[in-house]
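Presented below is the structure to which this report refers.
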Amino acid sequence: YREALEAEGAAAVPLFTDLQSRISSASLFSKNDTLDDIPTPSLPLVAVEFHLATALLASPVHSSVNRQINVRRCRDLYHAYLRKLDELEDLLDDELTRDYRRMLEADEMEAEGGSSSSRRVDGGTGTTGMAPAQIREAKIARFRLRKAQKEEVERLRALRERRNRLGVADQDEVDGYDDDGLERNIALAELRGHAADALDEIHNSTKELEMLDMAVMMEKERGEMGRHKGSAIDSSSGNAMMAPLAPPPPPPPPPNSLLNKPMEVTRVSRDPVTGQLQLKREEIKSTVFRPGWNQPTMTLQQYGDMEVARAREREARQKQAEKDILQKPRRYEQLVKDGMEDNATLVDASAKLDREWDEWKEANPKGSGNKMGDRGDRNF
């Protein structure tokens, strides 16, 4: 299982397929099993169908038909995963359960109502009878649930790393979890997060299948046209004669050919001072189709990271400036207000400042600089 999780794309498909067949042959899970009947080490294996479908969607294909087959199989695997969670109690969130059953009821209504066979084969949208606002709210609810489960998994994994660092015994509890309970809660949170992803992928697969149906039809039409265009039937002999082949494409021009050179434009203008004609050659290259406005030089994520770094730098400078201000010498009464009268260095510096301030007051007594009384006519 770990090897299949570490594999990517097409490499993981055979691993998960083999794992799925082994689980089925061993009858590891039964329809009568409840969540308490499944041991903790076996809980991650419940999501084998989900991981297999995700690996299939990431596998490269060479035609629309192969992609259509993969998407249909993936949708069936996601359905199997959600049905398995629905049979186990307390695994699907109430909102997810309501959305999934609404989707199944909508598919059944489309099948009973005489919907087209192709649409039934590809699966219904699961949103029949829902307003666009309700569909948007359901997507937002699934996104919030997926985010909450992801945060819960990260929190529990941090607790597991903490237990490993402290060397706690398996049966001892830390923050209300022993080792088995912690592993079980991690697996359950991952399964609930996969459920929201599976429901979203079912909706996306249905929309993709509608486009793939049109793509497959167009490929078939092109194949029919090519078959009729490439051969002709001889009515006299009954033998098929190949139509004359199209002439081969012309060879590419040599590297130094004039066809490889950009177009040159000669602009003729007159010097406003001397009146002489001026010739200016310009090359028209592929930049003629460049937009006339400045293109962005970075993504929003890069700009956001830059702004965060600048804000942290400003905060560090401000804290350093506040520390420098606290270490500057000042009068003793200000030291008492700041609660730093125990700092011997600042107390010595404040004594010097107080002494200089007293000397200045003695040299400049109060009122000595007030000369307003000598201004004007003393007779008034």
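Chain lettering (A, B, ...) mirrors the order of the structure tokens, residue numbering begins at 1 for each chain separately, and ligand numbering begins at 1 in order of display.
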Residue contacts of segment 27-35 of chain A (8 Å, only C-alpha atoms) excluding same-chain residues fewer than 3 positions away, as number ranges by chain: A: 23-24, 38, 87-90
Picked from segment 280-358 of chain A by DSSP as strand (DSSP E or B), as a count of residues only: 5
d(atom CA of Met103 of chain A, atom CA of Val46 of chain A) in Å: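 Computing it gives 22.0 Å between the two atoms.
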Leu346 of chain A environment, 10 Å, only C-alpha atoms, sequence neighbours closer than 3 positions dropped, as a VMD selection string: chain A and resid 326 to 332 335 340 to 343 349 to 352
Among listed residues A:Ala195, A:Ala11, A:Leu52, A:Cys74, nearest Leu96 of chain A (using only C-alpha atoms):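 Closest to Leu96 of chain A of all the choices is A:Ala195.
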Interatomic distance (Å, one decimal) between atom CA of Asp94 of chain A and atom CA of Gly181 of chain A: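 Between atom CA of Asp94 of chain A and atom CA of Gly181 of chain A the gap works out to 23.2 Å.
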All alpha helix (DSSP H) positions in segment 291-359 of chain A, as number ranges by chain: A: 300-326, 332-338, 344-359
Among the residues A:Leu104, A:Ala189, A:Leu166, A:Ala10, the one that comes closest to Thr54 of chain A [using only C-alpha atoms]: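 Ranked by minimum distance to Thr54 of chain A, first place goes to A:Ala10.
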Close residues, Pro44 of chain A itself excluded, 9 Å, only C-alpha atoms, min 2 positions apart in chain, as a ChimeraX atom specification: /A:1,40-42,46-48,187-188,190-191
Given only C-alpha atoms as the counted atoms, nearest of A:Glu108, A:Tyr177, A:Asp76, A:Leu92 to Glu201 of chain A: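 Checking each of A:Glu108, A:Tyr177, A:Asp76, A:Leu92 against Glu201 of chain A, counting only C-alpha atoms, the winner is A:Asp76.
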Interatomic distance (Å, one decimal) between atom CA of Gly176 of chain A and atom CA of Val153 of chain A: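 Between atom CA of Gly176 of chain A and atom CA of Val153 of chain A the gap works out to 15.7 Å.
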Among the residues A:Pro296, A:Ala311, A:Phe143, A:Gln334, the one that comes closest to Asp354 of chain A [using only C-alpha atoms]: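 For Asp354 of chain A, the nearest of the given residues is A:Gln334.
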Non-local contacts of segment 144-148 of chain A (8 Å; only C-alpha atoms; under 2 positions in same chain excluded) as a list of chain:residue names: A:Ile140, A:Ala141, A:Arg142, A:Lys150, A:Glu151, A:Glu152, A:Arg192, A:Gly193, A:His194, A:Ala196, A:Asp197
